[in-house]
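Asker: The structure's right below; bear with me while I get my questions together.
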Amino acid sequence: MKSTFRAHGPRAIRLSFLLAVSLLPACGAPAAWADAPQSLPNIFSPSTTPAHSIMGLSFFVLLITGSIFVVVGGLLCYAVVRFRARDNDDNSEPAQIYGSTQVELAWTVIPILIVVVLFLTTARIIFAIQDAPKPADALDVTVVGHQFWWEFRYPSLGIVTANELHVPVTTVSYLHLLSADVDHSFWVPQLGGKTDLIPNHPNDMWIDPHQTGVFLGQCAQFCGVEHAKMLLRVYVDTPAQFAEWVKLQQQPGVQDASVAAGRHVFETQACTNCHAVAGTAALGTFGPDLTHLMSRTTIASGAAANTPANLHAWIENPDHFKSGALMPAMQLSDEQIDQLVAYLDTLH
Amino acid sequence: MADQTLPIAGTLDLTPPRIEERVSVLEWLHGWVITVDHKRLGILYVVYSIVFLLVGGVEALLIRIQLAVPNSHFLAPEFYNEMFTMHGTTMVFLVGMPILFGFANYLVPLMIGARDMAYPRLNAFSFWLTAFGGMLLYYSFIGGFGLYGMGAAPDVGWWAYAPLTAKAFSPGHATDYWALALIVSGFGTLGTAINVIATTLSMRCRGMTLMRMPLFVWLMLVVSGLTLVTITPLTAAQIMLVIDRYLGGHFFDTQAGGSAVVWMHFFWIFGHPEVYVLVMPVFGVASEIIPVFSRKAIFGYPAMVAASVGIAFVSLGVWAHHMFTVGMTSVGNTFFALSTMLVGIPTGIKIFNWVATLWGGKIRFRVPMLFCIAFIFQFLLAGLTGIMLSAAPWNWQLHNSYFVIAHFHYVLVGAIVFNIFAAIYYWYPKVTGRMMSETLGKWHFWLFFIGFHITFDTMHFLGFMGMPRSIYTYEPDRGWNHLNMIISIGGMIQGIAVLIFAWNLIHSYLRGKEAGNDPWDAWTLEWSTPSPPPVYNFSADPEVRSRRPLWDLKHPDDPDWKYEQ
């Protein structure tokens, strides 16, 4: 349904700029420009309708600004070379020219015309992306920014998770952006432009990913000490994968008697003040929901892989990965941490 | 010669010989502290700014060492955040504004044939406010601490977005030092702006109508007017922030219903015109230097004046282009996209006029001119990336990425710092009586030019590849490693170039060639007095009949006033 909003420059223009952009790796850029390496962020390999429209606009603007650069830069270089003082100069002053109304008028009117064209193109894309009607079957996701992690809530599905967003391919997902503390910004370059998460100022954005895969992004508004480690992963799943993921996430936390010791540590230490595990006494909301912790590939908002060893190091002292993380080092014994990790390892 | 009505102090030589008094260090220091002479205050401003330029440059290099490789542990995250906050705040408030107002202080009275600024005591007061503002800011390294567990200096970004600045998120006093330092130096800036306006409007010599003022003076007049309008909302916002932090106010305190977006509006209605406050004086510098080294009158003087005033007006209506991603309505985004694109028209006119001034000239590639030509080229590119950023949907991608960092460093370094160097090379002989070394100057220029392009050209691509600003480190698997290393190498090259410049300043002061009154064969009034000028500037009141009084004097057969309208 979104195809009506696709706005592109003429195909020839796009092609010429694809060519130009394909030269960029020669300037030292690694192969981020090739086809669909979805793991590397790149605004020129869009995977949603808004991101495509933006790329179309950007090629159009690049064409115009590039032409201006060639013309004006060329004139400047020509003037500098052509009108340099020669060695055999007679030291007389050149003819003094004070100005010309016609010339001034010409180089005022031409830029005005260029601005009109640029403005109309830009306005069309702004309205196409921002004011697109929300389809009835859109998936609603509430994104809450925290210092320094992401909370994802699916109100219609009853799911709460963290740091790794799952959305189905081609379906329109509406992200409702909130903040629990300071300003953040949601940015996954392949999925479109960024939108800020501002306390007391809810925002919305939509994506309709065209391809499956994992897309990387991160917080794009400085939010404090560990802003750099507020990383984002978006999993674009096939409908079947997504349904399976939803089913898993809707389960209550696994109850495994063999890790009762670890669960005891979890529930009697301060862990439950901040973390929740559905179906248990752990109801904290200040930190990420851990009900299905092991279904995520990373911990600490993408700062480390989700392995037992990393979990151990993280619980022992979060400073190992993120020195400004708000989770405190709980001063647990090695044995307690081992038990705790064993417990967490069952939370699939 | 019948038409020559300009008594030139230097040529008439009414200057009494300068007596070298032997003074003690204490007396010498006391003389500088109590001075109300516009030239001495101008020198104080410039020296103060160059010191902070070095400090801010060291901060930039620390940032670049940290970012040269992924997951680096060279700087702690807390310290890195302090470094980019202090780098931005220092370069804008303690380098850019004071050095440009320092140039104005020194040059405006000389260029309009006056003996001093309109309010010499206000002038001294303004300088010392600015100076103490800078010291207050840097005292925070000792006296403040920031977010929990952090070091000392402000660490909330130079834009200091609410609510990160609230007590809840920034306990300690670092943010207070930041706010108070900017309030104090802001009042200093306001004083200087008032002074420049009063001076240009009431102190011009006989015959110097507004439309005969050198373009540098025109631009300082426009900038000073703009300063009055833009520094005030910043000062107001800082006071509101202090009220929030200490008197229980809730302007920006989102936990109590305040608005984070209101801070952004306050900050950017200051912050965007601020860019023009910084860049327009260097337009003035370019408009003085380019004609002299092209040996031609500036092309389209009235258009240049009109474009300057036009930029000042338009710049007041573009601030929310820094806020395309905060969730404005589509109509709001459209308006600010249009207003931003409009800036391109008067700035385009300026670039065209500079190129037209070069056209048909006999260009002499002395060091000031090299910097000015590089300035035109870089400012052209900076303007074009600005157009790209004004296309709001593309801005949603580029905002807060390294593309933006590249864009505004193209303006702040590629345009402003290049022209600050041009201005120093150009007027140094007037101020000190000695020429700066051309050889060292050329080394400085080429190293700085190459380093600049290695660093900032590369940054644009990092933005395309999704690297956000303000991050103290990055993951090794994002494909950003090589480009960051290249950028850091470019930064080091620029650092070396600045050291050569600093050495040139000192070396030439002691060993430079005698400059004489008019080493560049220039045309504005400051070149008619001795170098350095006496306290009273002109021994007789000058009288001018055109924009280039010294041209008229040097070419009595073909004076400007016959042709200017």
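Labels for the structure tokens follow display order: chains A, B, ..., residues from 1 in each chain, ligands from 1.
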Using only C-alpha atoms, determine which residues lie at most 7 Å from Ile363 of chain B, disregarding the query and same-chain residues fewer than 2 positions distant; provide the list as number ranges by chain.
Answerer: A: 83-85; B: 293-295, 361, 365
Asker: Distance cut-off 6 Å, counting only C-alpha atoms - which residues of chain B neighbour chain A? Return them as a PDB file with C-alpha atoms, in the first residue's frame.
Answerer:
ATOM      1  CA  GLU B  78      33.428  10.295  31.213  1.00  0.00           C
ATOM      2  CA  PRO B 163      16.837  17.183  30.763  1.00  0.00           C
ATOM      3  CA  LEU B 164      20.390  15.801  30.845  1.00  0.00           C
ATOM      4  CA  LYS B 296      40.877  45.022  -7.896  1.00  0.00           C
ATOM      5  CA  PHE B 299      32.940  43.409  -7.123  1.00  0.00           C
ATOM      6  CA  GLY B 300      29.382  44.457  -6.281  1.00  0.00           C
ATOM      7  CA  THR B 325      14.161  14.865  14.205  1.00  0.00           C
ATOM      8  CA  VAL B 326      12.364  16.015  17.354  1.00  0.00           C
ATOM      9  CA  GLY B 327       8.955  15.353  15.870  1.00  0.00           C
ATOM     10  CA  THR B 334       8.554  22.200   5.505  1.00  0.00           C
ATOM     11  CA  LEU B 338      12.445  26.410   2.973  1.00  0.00           C
ATOM     12  CA  ILE B 345      20.767  32.766  -2.006  1.00  0.00           C
ATOM     13  CA  VAL B 355      35.007  35.028  -7.636  1.00  0.00           C
ATOM     14  CA  TRP B 359      38.211  37.647 -12.284  1.00  0.00           C
ATOM     15  CA  GLY B 360      40.415  39.885 -14.370  1.00  0.00           C
ATOM     16  CA  GLY B 361      42.729  40.650 -11.464  1.00  0.00           C
ATOM     17  CA  LYS B 362      46.428  40.034 -10.966  1.00  0.00           C
ATOM     18  CA  ILE B 363      46.345  37.583  -8.112  1.00  0.00           C
ATOM     19  CA  ARG B 364      49.302  37.632  -5.723  1.00  0.00           C
ATOM     20  CA  LEU B 384      26.332  22.841  -0.501  1.00  0.00           C
ATOM     21  CA  ALA B 391      16.310  18.768   2.851  1.00  0.00           C
ATOM     22  CA  PRO B 393      13.950  13.952   5.053  1.00  0.00           C
ATOM     23  CA  TRP B 394      17.620  13.546   4.219  1.00  0.00           C
ATOM     24  CA  TRP B 396      16.523  12.633   9.322  1.00  0.00           C
ATOM     25  CA  GLN B 397      19.319  10.372   8.138  1.00  0.00           C
ATOM     26  CA  PHE B 464      26.642   8.060   5.261  1.00  0.00           C
ATOM     27  CA  MET B 465      27.797   4.884   6.975  1.00  0.00           C
ATOM     28  CA  GLY B 466      25.768   5.592  10.072  1.00  0.00           C
ATOM     29  CA  PRO B 468      26.626   9.051  15.144  1.00  0.00           C
ATOM     30  CA  ILE B 471      30.231   8.511  20.883  1.00  0.00           C
ATOM     31  CA  TYR B 472      33.426   7.816  22.801  1.00  0.00           C
ATOM     32  CA  ARG B 478      30.677  -1.485  11.717  1.00  0.00           C
TER      33      ARG B 478
END
Asker: I want to know what sits within 8 Å of segment 154-156 of chain B, based on only C-alpha atoms, with residues of the same chain fewer than 3 positions away left out; could you give that as an MDAnalysis selection string?
Answerer: (chainID A and resid 222 224) or (chainID B and resid 78 81:86 140 145:147 159:161 164:165 174:175 177:178)
Asker: Using only C-alpha atoms, which of the listed residues (A:Gly74, A:His264, A:Asn163, A:Gly279) sits closest to Ala304 of chain A?
Answerer: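 Closest to Ala304 of chain A of all the choices is A:Asn163.
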Asker: How many Å lie between atom CA of Ile376 of chain B and atom CA of Ala415 of chain B, rounded to one decimal?
Answerer: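 According to the coordinates, atom CA of Ile376 of chain B and atom CA of Ala415 of chain B are separated by 7.4 Å.
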Asker: Measure the distance from atom CA of Thr385 of chain B to atom CA of Tyr425 of chain B in Å and round it to one decimal.
Answerer: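 Separating atom CA of Thr385 of chain B from atom CA of Tyr425 of chain B is a distance of 28.8 Å.
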Asker: Write down as a PDB file with C-alpha atoms, in the first residue's frame the residues belonging to segment 341-469 of chain B that are assigned alpha helix (DSSP H) by DSSP computed on the backbone.
Answerer:
ATOM      1  CA  MET B 341      17.408  26.848   1.686  1.00  0.00           C
ATOM      2  CA  LEU B 342      16.809  30.604   1.361  1.00  0.00           C
ATOM      3  CA  VAL B 343      20.096  31.275   3.182  1.00  0.00           C
ATOM      4  CA  GLY B 344      21.785  29.805   0.138  1.00  0.00           C
ATOM      5  CA  ILE B 345      20.767  32.766  -2.006  1.00  0.00           C
ATOM      6  CA  PRO B 346      22.592  35.637  -0.230  1.00  0.00           C
ATOM      7  CA  THR B 347      25.560  33.415   0.605  1.00  0.00           C
ATOM      8  CA  GLY B 348      25.692  32.384  -3.039  1.00  0.00           C
ATOM      9  CA  ILE B 349      25.770  36.059  -4.030  1.00  0.00           C
ATOM     10  CA  LYS B 350      28.766  36.547  -1.763  1.00  0.00           C
ATOM     11  CA  ILE B 351      30.694  33.656  -3.266  1.00  0.00           C
ATOM     12  CA  PHE B 352      29.934  34.854  -6.802  1.00  0.00           C
ATOM     13  CA  ASN B 353      31.118  38.356  -5.940  1.00  0.00           C
ATOM     14  CA  TRP B 354      34.390  37.089  -4.520  1.00  0.00           C
ATOM     15  CA  VAL B 355      35.007  35.028  -7.636  1.00  0.00           C
ATOM     16  CA  ALA B 356      34.120  38.051  -9.765  1.00  0.00           C
ATOM     17  CA  THR B 357      36.634  40.080  -7.764  1.00  0.00           C
ATOM     18  CA  LEU B 358      39.335  37.558  -8.645  1.00  0.00           C
ATOM     19  CA  VAL B 367      49.932  33.703   2.637  1.00  0.00           C
ATOM     20  CA  PRO B 368      46.774  35.680   3.537  1.00  0.00           C
ATOM     21  CA  MET B 369      45.475  35.201   0.002  1.00  0.00           C
ATOM     22  CA  LEU B 370      46.172  31.460   0.042  1.00  0.00           C
ATOM     23  CA  PHE B 371      44.010  31.109   3.116  1.00  0.00           C
ATOM     24  CA  CYS B 372      41.288  33.245   1.530  1.00  0.00           C
ATOM     25  CA  ILE B 373      41.162  31.236  -1.705  1.00  0.00           C
ATOM     26  CA  ALA B 374      40.962  28.008   0.291  1.00  0.00           C
ATOM     27  CA  PHE B 375      38.210  29.696   2.271  1.00  0.00           C
ATOM     28  CA  ILE B 376      36.087  30.371  -0.832  1.00  0.00           C
ATOM     29  CA  PHE B 377      36.482  26.781  -1.974  1.00  0.00           C
ATOM     30  CA  GLN B 378      35.652  25.292   1.413  1.00  0.00           C
ATOM     31  CA  PHE B 379      32.836  27.675   2.101  1.00  0.00           C
ATOM     32  CA  LEU B 380      31.281  26.718  -1.222  1.00  0.00           C
ATOM     33  CA  LEU B 381      31.356  23.048  -0.199  1.00  0.00           C
ATOM     34  CA  ALA B 382      30.107  23.837   3.294  1.00  0.00           C
ATOM     35  CA  GLY B 383      27.180  25.717   1.797  1.00  0.00           C
ATOM     36  CA  LEU B 384      26.332  22.841  -0.501  1.00  0.00           C
ATOM     37  CA  THR B 385      26.381  20.273   2.322  1.00  0.00           C
ATOM     38  CA  GLY B 386      24.213  22.759   4.197  1.00  0.00           C
ATOM     39  CA  ILE B 387      21.682  22.570   1.360  1.00  0.00           C
ATOM     40  CA  MET B 388      21.791  18.782   1.666  1.00  0.00           C
ATOM     41  CA  LEU B 389      21.073  19.034   5.387  1.00  0.00           C
ATOM     42  CA  SER B 390      18.203  21.445   4.779  1.00  0.00           C
ATOM     43  CA  ALA B 392      14.457  17.632   5.966  1.00  0.00           C
ATOM     44  CA  PRO B 393      13.950  13.952   5.053  1.00  0.00           C
ATOM     45  CA  TRP B 394      17.620  13.546   4.219  1.00  0.00           C
ATOM     46  CA  ASN B 395      18.364  15.388   7.434  1.00  0.00           C
ATOM     47  CA  TRP B 396      16.523  12.633   9.322  1.00  0.00           C
ATOM     48  CA  GLN B 397      19.319  10.372   8.138  1.00  0.00           C
ATOM     49  CA  LEU B 398      22.218  12.809   8.423  1.00  0.00           C
ATOM     50  CA  TYR B 402      29.483  12.485  11.284  1.00  0.00           C
ATOM     51  CA  PHE B 403      28.142  14.155   8.152  1.00  0.00           C
ATOM     52  CA  VAL B 404      26.905  16.985  10.340  1.00  0.00           C
ATOM     53  CA  ILE B 405      30.235  17.110  12.159  1.00  0.00           C
ATOM     54  CA  ALA B 406      31.936  17.353   8.778  1.00  0.00           C
ATOM     55  CA  HIS B 407      29.543  20.057   7.576  1.00  0.00           C
ATOM     56  CA  PHE B 408      29.913  22.404  10.509  1.00  0.00           C
ATOM     57  CA  HIS B 409      33.657  21.904  10.758  1.00  0.00           C
ATOM     58  CA  PHE B 418      41.139  29.664   7.622  1.00  0.00           C
ATOM     59  CA  ASN B 419      40.112  33.296   7.470  1.00  0.00           C
ATOM     60  CA  ILE B 420      41.206  33.940  11.026  1.00  0.00           C
ATOM     61  CA  PHE B 421      44.659  32.774   9.926  1.00  0.00           C
ATOM     62  CA  ALA B 422      44.370  34.948   6.809  1.00  0.00           C
ATOM     63  CA  ALA B 423      43.469  37.935   8.976  1.00  0.00           C
ATOM     64  CA  ILE B 424      46.371  37.345  11.351  1.00  0.00           C
ATOM     65  CA  TYR B 425      48.890  37.074   8.491  1.00  0.00           C
ATOM     66  CA  TYR B 426      47.386  40.157   6.861  1.00  0.00           C
ATOM     67  CA  TRP B 427      47.160  42.532   9.846  1.00  0.00           C
ATOM     68  CA  TYR B 428      50.078  41.203  11.913  1.00  0.00           C
ATOM     69  CA  PRO B 429      52.441  43.726  10.239  1.00  0.00           C
ATOM     70  CA  LYS B 430      50.087  46.537  11.213  1.00  0.00           C
ATOM     71  CA  VAL B 431      49.817  45.374  14.815  1.00  0.00           C
ATOM     72  CA  THR B 432      53.456  44.515  15.468  1.00  0.00           C
ATOM     73  CA  GLU B 438      56.263  33.755   4.324  1.00  0.00           C
ATOM     74  CA  THR B 439      58.122  30.443   4.335  1.00  0.00           C
ATOM     75  CA  LEU B 440      56.719  29.317   7.657  1.00  0.00           C
ATOM     76  CA  GLY B 441      53.355  30.713   6.574  1.00  0.00           C
ATOM     77  CA  LYS B 442      53.334  28.572   3.442  1.00  0.00           C
ATOM     78  CA  TRP B 443      54.279  25.476   5.434  1.00  0.00           C
ATOM     79  CA  HIS B 444      51.471  26.331   7.809  1.00  0.00           C
ATOM     80  CA  PHE B 445      48.994  26.816   4.985  1.00  0.00           C
ATOM     81  CA  TRP B 446      49.758  23.673   3.018  1.00  0.00           C
ATOM     82  CA  LEU B 447      49.968  21.374   6.038  1.00  0.00           C
ATOM     83  CA  PHE B 448      46.759  22.792   7.466  1.00  0.00           C
ATOM     84  CA  PHE B 449      44.999  22.623   4.110  1.00  0.00           C
ATOM     85  CA  ILE B 450      46.005  18.997   3.523  1.00  0.00           C
ATOM     86  CA  GLY B 451      45.243  17.962   7.101  1.00  0.00           C
ATOM     87  CA  PHE B 452      41.906  19.724   6.978  1.00  0.00           C
ATOM     88  CA  HIS B 453      40.805  17.878   3.857  1.00  0.00           C
ATOM     89  CA  ILE B 454      42.054  14.494   5.066  1.00  0.00           C
ATOM     90  CA  THR B 455      40.060  14.929   8.242  1.00  0.00           C
ATOM     91  CA  PHE B 456      36.853  16.604   7.251  1.00  0.00           C
ATOM     92  CA  ASP B 457      36.290  15.278   3.725  1.00  0.00           C
ATOM     93  CA  THR B 458      36.479  11.771   5.151  1.00  0.00           C
ATOM     94  CA  MET B 459      33.986  12.521   7.909  1.00  0.00           C
ATOM     95  CA  HIS B 460      31.173  13.014   5.400  1.00  0.00           C
ATOM     96  CA  PHE B 461      31.405   9.350   4.408  1.00  0.00           C
ATOM     97  CA  LEU B 462      31.319   8.142   7.997  1.00  0.00           C
ATOM     98  CA  GLY B 463      27.995   9.941   8.281  1.00  0.00           C
ATOM     99  CA  PHE B 464      26.642   8.060   5.261  1.00  0.00           C
TER     100      PHE B 464
END
Asker: What's around segment 199-204 of chain B at 6 Å? Count only C-alpha atoms, leave out sequence neighbours fewer than 2 positions away in its own chain, and write the answer as a count of residues only.
Answerer: 8
Asker: What separation in Å, quoted to one decimal, exists between atom CA of Ala68 of chain B and atom CA of Asn400 of chain B?
Answerer: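 Atom-to-atom, atom CA of Ala68 of chain B to atom CA of Asn400 of chain B, that is 19.4 Å.
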Asker: Which of segment 147-321 of chain A end up as strand (DSSP E or B) when DSSP is run on this backbone - answer as a VMD selection string?
Answerer: chain A and resid 149 to 154 159 to 162 164 to 168 173 to 179 184 to 186 195 to 198 201 203 to 207 213 to 218 231 to 237 276 283 298 to 299 304 to 305
Asker: Could you turn the residues from that selection into a file that holds N, CA and C atoms, as a compact mmCIF listing (two decimals), in the first residue's frame?
Answerer:
# COMPACT_ATOMS: atom_id res chain seq x y z
N TRP A 149 19.81 1.87 27.39
CA TRP A 149 19.28 0.66 26.75
C TRP A 149 17.90 0.97 26.20
N TRP A 150 17.38 0.02 25.40
CA TRP A 150 16.10 0.21 24.74
C TRP A 150 15.09 -0.78 25.29
N GLU A 151 13.89 -0.29 25.56
CA GLU A 151 12.80 -1.17 25.96
C GLU A 151 11.79 -1.21 24.82
N PHE A 152 11.38 -2.44 24.44
CA PHE A 152 10.38 -2.57 23.37
C PHE A 152 9.15 -3.25 23.94
N ARG A 153 8.01 -2.60 23.78
CA ARG A 153 6.74 -3.17 24.25
C ARG A 153 5.81 -3.34 23.06
N TYR A 154 5.16 -4.49 23.01
CA TYR A 154 4.17 -4.76 21.97
C TYR A 154 2.83 -4.84 22.66
N ILE A 159 3.92 -8.35 24.85
CA ILE A 159 5.33 -8.72 24.93
C ILE A 159 6.15 -7.53 25.42
N VAL A 160 7.12 -7.79 26.29
CA VAL A 160 8.09 -6.76 26.67
C VAL A 160 9.48 -7.35 26.46
N THR A 161 10.31 -6.64 25.74
CA THR A 161 11.67 -7.13 25.56
C THR A 161 12.62 -5.93 25.51
N ALA A 162 13.90 -6.20 25.26
CA ALA A 162 14.87 -5.11 25.35
C ALA A 162 15.93 -5.23 24.26
N GLU A 164 16.71 -5.61 21.36
CA GLU A 164 16.65 -6.28 20.06
C GLU A 164 15.20 -6.28 19.62
N LEU A 165 14.94 -5.45 18.62
CA LEU A 165 13.56 -5.29 18.14
C LEU A 165 13.29 -6.33 17.07
N HIS A 166 12.16 -7.01 17.18
CA HIS A 166 11.74 -7.93 16.13
C HIS A 166 10.52 -7.36 15.43
N VAL A 167 10.58 -7.29 14.10
CA VAL A 167 9.39 -6.87 13.33
C VAL A 167 9.27 -7.80 12.12
N PRO A 168 8.03 -7.99 11.65
CA PRO A 168 7.84 -8.82 10.47
C PRO A 168 8.15 -8.05 9.20
N SER A 173 5.25 -1.32 10.58
CA SER A 173 5.34 -1.26 12.04
C SER A 173 5.38 0.19 12.47
N TYR A 174 4.52 0.54 13.40
CA TYR A 174 4.52 1.91 13.94
C TYR A 174 5.27 1.92 15.25
N LEU A 175 6.32 2.71 15.31
CA LEU A 175 7.10 2.81 16.54
C LEU A 175 6.64 4.05 17.29
N HIS A 176 6.18 3.84 18.50
CA HIS A 176 5.74 4.93 19.35
C HIS A 176 6.89 5.21 20.31
N LEU A 177 7.50 6.39 20.18
CA LEU A 177 8.79 6.63 20.84
C LEU A 177 8.63 7.45 22.11
N LEU A 178 9.07 6.88 23.23
CA LEU A 178 8.98 7.55 24.52
C LEU A 178 10.36 7.51 25.19
N SER A 179 10.52 8.34 26.20
CA SER A 179 11.77 8.27 26.96
C SER A 179 11.47 8.22 28.44
N HIS A 184 16.90 10.61 23.68
CA HIS A 184 17.61 9.60 22.91
C HIS A 184 17.16 9.75 21.46
N SER A 185 17.72 8.95 20.57
CA SER A 185 17.26 9.01 19.19
C SER A 185 17.38 7.62 18.56
N PHE A 186 16.31 7.20 17.90
CA PHE A 186 16.25 5.86 17.30
C PHE A 186 16.76 5.95 15.88
N THR A 195 14.42 9.36 14.61
CA THR A 195 13.45 10.17 15.33
C THR A 195 13.83 10.14 16.80
N ASP A 196 13.69 11.29 17.45
CA ASP A 196 14.15 11.41 18.83
C ASP A 196 13.12 10.84 19.81
N LEU A 197 13.63 10.34 20.92
CA LEU A 197 12.80 9.91 22.04
C LEU A 197 12.98 10.96 23.13
N ILE A 198 11.93 11.73 23.38
CA ILE A 198 12.07 12.87 24.27
C ILE A 198 11.05 12.72 25.39
N HIS A 201 7.22 14.05 25.38
CA HIS A 201 7.04 14.50 24.01
C HIS A 201 7.01 13.26 23.11
N ASN A 203 6.73 10.64 20.20
CA ASN A 203 6.90 10.73 18.75
C ASN A 203 6.53 9.41 18.10
N ASP A 204 6.30 9.47 16.81
CA ASP A 204 6.00 8.25 16.05
C ASP A 204 6.88 8.18 14.83
N MET A 205 7.20 6.98 14.40
CA MET A 205 7.80 6.78 13.08
C MET A 205 7.33 5.42 12.57
N TRP A 206 7.42 5.23 11.26
CA TRP A 206 7.00 3.92 10.74
C TRP A 206 8.04 3.35 9.82
N ILE A 207 8.08 2.01 9.81
CA ILE A 207 8.99 1.30 8.91
C ILE A 207 8.22 0.14 8.28
N GLY A 213 16.44 -9.86 7.79
CA GLY A 213 17.84 -9.76 8.18
C GLY A 213 17.98 -8.99 9.47
N VAL A 214 19.23 -8.80 9.86
CA VAL A 214 19.54 -8.04 11.07
C VAL A 214 20.06 -6.68 10.65
N PHE A 215 19.51 -5.63 11.22
CA PHE A 215 19.95 -4.28 10.88
C PHE A 215 20.50 -3.61 12.13
N LEU A 216 21.64 -2.97 11.98
CA LEU A 216 22.31 -2.37 13.13
C LEU A 216 22.08 -0.87 13.18
N GLY A 217 21.96 -0.38 14.39
CA GLY A 217 21.85 1.06 14.57
C GLY A 217 22.29 1.38 15.98
N GLN A 218 22.10 2.63 16.38
CA GLN A 218 22.38 2.97 17.76
C GLN A 218 21.78 4.32 18.10
N LEU A 231 23.43 0.46 21.83
CA LEU A 231 23.34 -0.06 20.47
C LEU A 231 21.97 -0.69 20.24
N LEU A 232 21.67 -0.83 18.97
CA LEU A 232 20.33 -1.27 18.56
C LEU A 232 20.48 -2.39 17.56
N ARG A 233 19.66 -3.42 17.69
CA ARG A 233 19.59 -4.46 16.66
C ARG A 233 18.14 -4.62 16.29
N VAL A 234 17.86 -4.59 15.00
CA VAL A 234 16.50 -4.83 14.54
C VAL A 234 16.50 -6.10 13.72
N TYR A 235 15.70 -7.09 14.14
CA TYR A 235 15.56 -8.34 13.41
C TYR A 235 14.31 -8.24 12.56
N VAL A 236 14.49 -8.27 11.26
CA VAL A 236 13.33 -8.30 10.38
C VAL A 236 13.11 -9.77 10.02
N ASP A 237 11.99 -10.31 10.52
CA ASP A 237 11.72 -11.75 10.40
C ASP A 237 10.72 -12.01 9.28
N ALA A 276 12.45 -7.71 35.70
CA ALA A 276 11.25 -8.54 35.79
C ALA A 276 11.49 -9.88 35.12
N LEU A 283 9.45 -8.11 39.53
CA LEU A 283 8.53 -7.22 38.81
C LEU A 283 9.17 -5.88 38.48
N THR A 298 22.58 -10.50 22.43
CA THR A 298 23.55 -9.61 23.10
C THR A 298 23.03 -9.24 24.48
N ILE A 299 23.94 -8.77 25.33
CA ILE A 299 23.54 -8.18 26.60
C ILE A 299 24.09 -6.75 26.66
N ALA A 304 27.97 -6.57 24.53
CA ALA A 304 28.68 -7.85 24.62
C ALA A 304 27.75 -8.95 24.13
N ALA A 305 28.35 -10.06 23.67
CA ALA A 305 27.57 -11.21 23.23
C ALA A 305 26.95 -11.88 24.45
Asker: Find the residue from A:Asn306, A:His320, A:Ala261, A:Leu293 that sits nearest to Ala342 of chain A; use only C-alpha atoms when measuring.
Answerer: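 Counting only C-alpha atoms, the residue closest to Ala342 of chain A is A:Ala261.
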Asker: Of the residues A:Gln331, A:Thr268, A:Thr307, A:Gln250, which is the one nearest to Thr291 of chain A, using only C-alpha atoms?
Answerer: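 Of A:Gln331, A:Thr268, A:Thr307, A:Gln250, the one nearest Thr291 of chain A is A:Gln250, counting only C-alpha atoms.
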Asker: I want to know what sits within 12 Å of Leu221 of chain B, based on only C-alpha atoms, with residues of the same chain fewer than 2 positions away left out; could you give that as a ChimeraX atom specification?
Answerer: /B:101,104-105,108,192-202,210,213-219,223-228,277,280-281,284,305,308-309,312
Asker: Using the selection just defined, write its residues with C-alpha atoms as a short mmCIF file (atom, residue, chain, number, x, y, z; two decimals), in the first residue's frame.
Answerer:
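The new file result-v6.cif reads:
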data_model
loop_
_atom_site.label_atom_id
_atom_site.label_comp_id
_atom_site.auth_asym_id
_atom_site.auth_seq_id
_atom_site.Cartn_x
_atom_site.Cartn_y
_atom_site.Cartn_z
CA PHE B 101 35.44 40.80 18.28
CA ALA B 104 36.76 44.35 15.31
CA ASN B 105 38.15 46.13 18.34
CA VAL B 108 37.00 49.11 13.21
CA THR B 192 31.23 44.70 22.74
CA ALA B 193 28.36 44.42 20.28
CA ILE B 194 26.79 47.62 21.61
CA ASN B 195 30.17 49.28 21.40
CA VAL B 196 30.76 48.27 17.79
CA ILE B 197 27.32 49.49 16.75
CA ALA B 198 27.80 52.83 18.50
CA THR B 199 31.29 53.21 17.04
CA THR B 200 30.33 52.51 13.45
CA LEU B 201 27.24 54.69 13.63
CA SER B 202 28.76 57.70 15.34
CA LEU B 210 27.75 54.13 5.52
CA MET B 213 32.66 51.84 5.00
CA PRO B 214 35.05 48.95 4.37
CA LEU B 215 33.08 45.70 4.12
CA PHE B 216 34.74 44.37 7.25
CA VAL B 217 33.19 47.25 9.20
CA TRP B 218 29.83 46.67 7.56
CA LEU B 219 29.89 43.02 8.48
CA VAL B 223 27.13 40.87 13.28
CA SER B 224 26.88 43.14 16.31
CA GLY B 225 23.20 43.73 15.64
CA LEU B 226 22.69 40.00 15.25
CA THR B 227 24.62 39.37 18.47
CA LEU B 228 22.25 41.58 20.43
CA VAL B 277 27.87 35.72 14.10
CA MET B 280 30.13 36.96 8.86
CA PRO B 281 33.19 38.69 10.34
CA GLY B 284 34.48 40.78 6.07
CA VAL B 305 26.17 44.80 1.90
CA SER B 308 25.05 40.52 4.58
CA VAL B 309 21.96 42.20 5.95
CA ALA B 312 21.33 38.26 9.18
#
